[in-house]
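Raw model-v5.csv, CSV, C-alpha atoms:
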```csv
chain,number,residue,atom,x,y,z
A,1,MET,CA,97.4,106.1,125.3
A,2,PHE,CA,99.7,104.5,122.7
A,3,ALA,CA,99.8,100.9,123.9
A,4,LYS,CA,101.0,98.3,121.4
A,5,SER,CA,99.0,95.3,120.8
A,6,PRO,CA,100.8,92.0,121.5
A,7,SER,CA,100.8,91.0,117.8
A,8,ASN,CA,102.8,94.2,116.9
A,9,THR,CA,105.5,93.8,119.5
A,10,GLU,CA,107.0,90.6,118.2
A,11,MET,CA,109.1,90.6,115.1
A,12,SER,CA,108.9,87.5,113.0
A,13,THR,CA,112.2,85.8,112.5
A,14,VAL,CA,110.8,83.2,110.0
A,15,ARG,CA,111.8,83.9,106.5
A,16,ASP,CA,109.9,82.5,103.6
A,17,THR,CA,112.3,80.5,101.4
A,18,THR,CA,109.8,79.4,98.8
A,19,PRO,CA,111.1,80.1,95.3
A,20,THR,CA,109.4,82.9,93.6
A,21,PRO,CA,107.7,82.1,90.3
A,22,PRO,CA,109.5,83.8,87.4
A,23,SER,CA,106.5,86.1,86.7
A,24,ASP,CA,106.7,87.4,90.3
A,25,ARG,CA,110.4,88.1,90.5
A,26,ARG,CA,111.7,91.6,90.7
A,27,ARG,CA,112.5,93.1,87.3
A,28,SER,CA,114.8,96.1,86.8
A,29,VAL,CA,114.8,97.8,83.3
A,30,LEU,CA,117.5,100.4,82.6
A,31,HIS,CA,118.1,101.5,79.1
A,32,ASP,CA,120.4,103.9,77.2
A,33,GLY,CA,121.3,107.1,79.0
A,34,ILE,CA,121.9,105.3,82.3
A,35,THR,CA,125.6,105.3,83.5
A,36,ILE,CA,126.7,103.4,86.6
A,37,THR,CA,130.2,103.5,88.1
A,38,GLY,CA,130.5,100.9,90.8
A,39,ASN,CA,129.0,97.5,91.6
A,40,TRP,CA,125.4,96.6,91.3
A,41,GLU,CA,123.5,93.7,92.8
A,42,SER,CA,120.0,92.5,92.2
A,43,ASP,CA,118.1,89.4,93.2
A,44,GLY,CA,115.8,89.5,90.2
A,45,ILE,CA,115.9,90.0,86.5
A,46,VAL,CA,118.0,92.9,85.1
A,47,GLU,CA,117.4,94.2,81.6
A,48,PHE,CA,120.3,96.6,81.1
A,49,GLY,CA,120.9,98.9,78.1
A,50,GLY,CA,123.1,101.6,79.7
A,51,THR,CA,126.8,101.7,80.6
A,52,ILE,CA,128.3,100.2,83.7
A,53,THR,CA,131.9,100.2,84.9
A,54,GLY,CA,131.9,97.7,87.7
A,55,ASP,CA,130.6,94.3,88.7
A,56,LEU,CA,127.0,93.2,88.1
A,57,THR,CA,125.4,90.4,90.1
A,58,ALA,CA,121.8,89.3,89.3
A,59,ASP,CA,119.7,86.3,89.0
A,60,THR,CA,119.1,86.9,85.3
A,61,LEU,CA,120.9,89.5,83.1
A,62,VAL,CA,119.7,90.6,79.7
A,63,LEU,CA,122.2,93.0,78.2
A,64,THR,CA,120.5,94.8,75.3
A,65,GLU,CA,122.2,95.8,72.1
A,66,ASP,CA,123.0,99.3,73.4
A,67,GLY,CA,124.3,98.0,76.7
A,68,ILE,CA,128.0,98.2,77.7
A,69,ILE,CA,129.5,96.4,80.7
A,70,THR,CA,133.2,96.8,81.7
A,71,GLY,CA,133.6,94.5,84.6
A,72,ASN,CA,132.5,91.1,86.0
A,73,VAL,CA,129.1,89.6,85.6
A,74,ARG,CA,127.8,86.9,87.9
A,75,ALA,CA,124.3,85.5,87.3
A,76,ARG,CA,122.3,82.3,86.9
A,77,ASN,CA,121.2,83.3,83.4
A,78,VAL,CA,123.0,85.7,81.1
A,79,THR,CA,121.9,86.9,77.6
A,80,ILE,CA,124.2,89.3,75.8
A,81,SER,CA,123.3,91.4,72.8
A,82,GLY,CA,125.5,94.4,73.7
A,83,THR,CA,129.2,94.9,74.6
A,84,LEU,CA,131.0,93.2,77.5
A,85,ASP,CA,134.6,93.4,78.5
A,86,GLY,CA,135.4,91.4,81.6
A,87,THR,CA,134.3,88.0,82.9
A,88,ILE,CA,131.1,86.1,83.0
A,89,ALA,CA,130.3,83.4,85.6
A,90,ALA,CA,126.9,81.8,85.1
A,91,VAL,CA,124.9,78.7,84.7
A,92,ASN,CA,123.5,79.6,81.3
A,93,VAL,CA,125.1,82.1,78.8
A,94,THR,CA,123.7,83.0,75.5
A,95,LEU,CA,125.6,85.4,73.1
A,96,LYS,CA,123.2,86.9,70.6
A,97,PRO,CA,124.3,87.9,67.0
A,98,GLN,CA,124.8,91.5,68.0
A,99,ALA,CA,127.0,90.6,71.0
A,100,ARG,CA,130.6,92.0,71.2
A,101,VAL,CA,132.3,90.2,74.0
A,102,THR,CA,135.9,90.2,75.2
A,103,ALA,CA,135.8,88.0,78.3
A,104,THR,CA,136.6,84.9,80.3
A,105,ILE,CA,133.4,82.9,80.4
A,106,GLU,CA,132.7,80.1,82.8
A,107,ALA,CA,129.3,78.5,82.4
A,108,GLN,CA,127.5,75.2,82.5
A,109,ASN,CA,125.8,75.9,79.2
A,110,LEU,CA,127.2,78.3,76.6
A,111,ALA,CA,125.4,79.2,73.3
A,112,ILE,CA,127.1,81.5,70.8
A,113,GLU,CA,124.7,82.5,68.0
A,114,PHE,CA,126.0,83.1,64.5
A,115,GLY,CA,127.3,86.7,64.1
A,116,ALA,CA,128.4,87.2,67.7
A,117,GLN,CA,131.9,88.6,68.0
A,118,VAL,CA,133.7,86.8,70.8
A,119,GLU,CA,137.3,86.9,72.1
A,120,GLY,CA,138.4,85.2,75.3
A,121,ASP,CA,138.6,82.0,77.3
A,122,PHE,CA,135.8,79.6,77.8
A,123,LYS,CA,135.3,77.0,80.5
A,124,THR,CA,132.3,74.9,80.9
A,125,SER,CA,131.7,73.6,84.4
A,126,LYS,CA,129.4,70.9,85.8
A,127,GLY,CA,129.5,72.4,89.3
A,128,LYS,CA,127.8,75.3,91.0
A,129,THR,CA,128.5,78.8,89.7
```

Produce structure tokens that represent the structure in this file.
Amino acid sequence: MFAKSPSNTEMSTVRDTTPTPPSDRRRSVLHDGITITGNWESDGIVEFGGTITGDLTADTLVLTEDGIITGNVRARNVTISGTLDGTIAAVNVTLKPQARVTATIEAQNLAIEFGAQVEGDFKTSKGKT
């Protein structure tokens, strides 16, 4: 009565590894009023304006002017307009004029815009982050 068709009984083990175009990547938007205690991982773009105490790992992080991170950030691209106290490990880091950062930053490319308040150690690397 409930026979399975042959195509439904086999599970595919082939995983598509084609890079996703930027417009098709997963995007998480969390703004003020959100509080996270603990670590958060995302394989897409994270636009964050809340408060997190913990580590954040993402493909791309955009910390808005209201955002506060106390912890470690690991991402390919990081743009900070808010407050960060911890470490940043990334390929590209941009600190906007509103940024208030106390951190150890390791990046291949680092841009600090006029007005950003930064205290910490910087290390540019040529290798993989």

> How many Å lie between atom CA of A:Thr35 and atom CA of A:Ala90, rounded to one decimal?
Replying inline: 23.6 Å

> With distances taken over all atoms listed in the file, which of A:Thr57, A:Thr83, A:Thr64, A:Asn109 is nearest to A:His31?
Replying inline: A:Thr64

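Atom CA of A:Gly86 sits 6.7 Å away from atom CA of A:Thr104.
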
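Candidate residues A:Ala99, A:Asn92, A:Ile105, A:Leu63 were compared for distance to A:Ser28, and the nearest is A:Leu63, using all atoms listed in the file.
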
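Using only C-alpha atoms, the nearest neighbour of A:Pro97 within the list A:Leu84, A:Leu61, A:Ala116, A:Ala111 is A:Ala116.
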
> Of the candidates A:Gly71, A:Gly49, A:Gly54, A:Gly44, which one gets nearest to A:Ile88 if we count only C-alpha atoms?
Replying inline: A:Gly71

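Here atom CA of A:Leu30 stands at a distance of 20.9 Å from atom CA of A:Thr87.
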
>> So that I can see what lies close to A:Val118, please list as a VMD selection string the residues with an atom at most 8 Å from it, counting all atoms listed in the file and leaving out residues fewer than 2 positions away in the same chain.
In response: chain A and resid 99 to 103 116 120

> Could you name the residues that touch A:Asp55 at 12 Å or less, counting only C-alpha atoms, but leaving out those on the same chain fewer than 6 positions away, as a VMD selection string?
Replying inline: chain A and resid 36 to 42 68 to 75 84 to 89

> Near A:Thr124, counting only C-alpha atoms, which residues have an atom at most 6 Å away, once you skip same-chain residues fewer than 4 positions from it, shown as a list of chain:residue names?
Replying inline: A:Glu106, A:Ala107, A:Gln108

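Closest approach to A:Gly33 among A:Ile112, A:Leu56, A:Glu47, A:Asp66: A:Asp66, based on only C-alpha atoms.
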
>> Could you check the closest approach to A:Arg76 for each of A:Lys96, A:Thr51, A:Asp32, A:Asp43 and tell me which residue wins, using only C-alpha atoms?
In response: A:Asp43
